[in-house]
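A short worksheet on the structure shown next.
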Amino acid sequence: MTGTAILRGVVVPFGILVLAFSVLLFAGMAGSLGPLDLATAQWFILALWVAAPVVGGISSRGLGDRQIALAATVLAVVLGLAVATVLLTGAGTASSCQVAGSRSAAGFVGGCLGVAAIVGIGMGASLLTAARLAQRGRRPLGIILGGGVNILASAGAYFLFYSVVTCLRP
């Protein structure tokens with residue numbers, strides 16, 4: 001039971017993230033998502049991104065604190081590695097650099113790893129927040145605060161990547 005519940009706490013968010021990525025690819029290629037234009041489809045993708053760890057946390061009910069922490073850690077590490085891979089393989093270009101500094105491969109790699117760590121930790125903390133509050137019978141608060149943690153971490157990572165890290169690319 002416990003192993004299945006931990007697995008559910010990790011598989012559910014990844015399933016939602018795979019759905020978000022699939023919608024992103026499809027909408028990007030087609031220029032729309034059914035009746036939704038591309039801009040509206042991107043809001044749908046953002047909603048899936050924010051909901052993924054929260055739903056994972058809510059679905060982890062019945063687990064102890066250690067099992068929830070394990071599920072959050074697995075989500076954070078795997079997602080952080082996936083984001084680092086995407087960033088290091090050429091995602092994003094700087095349109096206007098906010099920082100003046102020398103471009104260096106080491107700075108760019110370190111920046112990408114830092115951004116990936118922020119995203120992964122934000123997702124893990126979001127799952128942990130939602131799960132712990134749901135355990136205490138405060139599910140609506142868990143949804144709000146879990147989603148808020150994810151939004152703050154993702155917005156911070158986005159800002160850091162596009163205003164600083166892309167400017168370090170050699």
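Simple scheme: letters A, B, ... for chains in structure tokens order, numbers from 1 for residues in each chain, numbers from 1 for ligands in the order shown.
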- Query: So which residues of chain A fall under strand (DSSP E) by DSSP, listed as a ChimeraX atom specification?
  - Reply: /A:32-33,36-37
- With distances taken over only C-alpha atoms, the candidate from A:Ile68, A:Val54, A:Val165, A:Ile121 nearest Leu88 (chain A) is A:Val165
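What separates CA of Ser59 (chain A) from CA of Gly9 (chain A) is a distance of 6.0 Å.
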- Task: List the neighbours of Trp43 (chain A) out to 12 Å using only C-alpha atoms; skip same-chain residues closer than 4 positions along the sequence, and give me the result as a PyMOL selection string.
- Result: chain A and resi 20+23-24+27+33+36-39+47-50
Could the residues in this selection be written to a file with N, CA, C and O atoms, as a compact mmCIF listing (two decimals), in the first residue's frame?
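Produced file again-v2.txt, reproduced below:
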```txt
# COMPACT_ATOMS: atom_id res chain seq x y z
N ALA A 20 0.96 18.22 -20.31
CA ALA A 20 1.26 19.63 -20.59
C ALA A 20 2.28 19.75 -21.71
O ALA A 20 2.13 20.58 -22.63
N VAL A 23 0.61 18.85 -25.04
CA VAL A 23 -0.24 19.95 -25.50
C VAL A 23 0.63 21.07 -26.06
O VAL A 23 0.32 21.66 -27.09
N LEU A 24 1.75 21.35 -25.39
CA LEU A 24 2.67 22.38 -25.87
C LEU A 24 3.19 22.05 -27.27
O LEU A 24 3.18 22.91 -28.16
N ALA A 27 0.09 22.13 -29.82
CA ALA A 27 -0.40 23.49 -30.05
C ALA A 27 0.65 24.32 -30.79
O ALA A 27 0.30 25.14 -31.65
N LEU A 33 -5.09 24.90 -30.43
CA LEU A 33 -5.48 23.66 -29.76
C LEU A 33 -6.98 23.55 -29.90
O LEU A 33 -7.73 24.07 -29.08
N LEU A 36 -9.12 26.65 -29.36
CA LEU A 36 -8.31 27.61 -28.63
C LEU A 36 -7.15 28.11 -29.48
O LEU A 36 -6.45 27.31 -30.11
N ASP A 37 -6.94 29.42 -29.49
CA ASP A 37 -5.77 29.93 -30.18
C ASP A 37 -4.52 29.60 -29.36
O ASP A 37 -4.62 29.11 -28.23
N LEU A 38 -3.35 29.87 -29.90
CA LEU A 38 -2.10 29.48 -29.25
C LEU A 38 -1.93 30.16 -27.89
O LEU A 38 -1.50 29.53 -26.92
N ALA A 39 -2.29 31.43 -27.78
CA ALA A 39 -2.13 32.13 -26.51
C ALA A 39 -3.01 31.51 -25.42
O ALA A 39 -2.58 31.35 -24.28
N ALA A 47 -1.65 26.19 -16.52
CA ALA A 47 -2.52 25.63 -15.47
C ALA A 47 -2.13 24.19 -15.16
O ALA A 47 -2.11 23.78 -14.00
N LEU A 48 -1.83 23.41 -16.19
CA LEU A 48 -1.38 22.02 -15.97
C LEU A 48 -0.07 21.99 -15.19
O LEU A 48 0.12 21.16 -14.29
N TRP A 49 0.86 22.89 -15.53
CA TRP A 49 2.16 22.97 -14.86
C TRP A 49 1.98 23.25 -13.37
O TRP A 49 2.59 22.62 -12.52
N VAL A 50 1.11 24.20 -13.06
CA VAL A 50 0.88 24.57 -11.66
C VAL A 50 0.14 23.46 -10.92
O VAL A 50 0.44 23.17 -9.76
```
- Item | Nearby residues (only C-alpha atoms) at most 12 Å from Ala116 (chain A), same-chain spacing under 5 positions excluded, as an MDAnalysis selection string | chainID A and resid 76:88 109:111 121:123 153:154 156:158 160:161 165
- Task: Write out as number ranges by chain all residues of region 14-108 of chain A that DSSP puts in helix (DSSP H, G or I) for this structure's backbone.
- Result: A: 14-30, 38-58, 65-88, 105-108
- Query: Using only C-alpha atoms, which of A:Cys112, A:Val74, A:Leu17, A:Leu63 sits nearest Arg132 (chain A)?
  - Reply: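 Looking at the shortest contact to Arg132 (chain A), the residue is A:Leu63.
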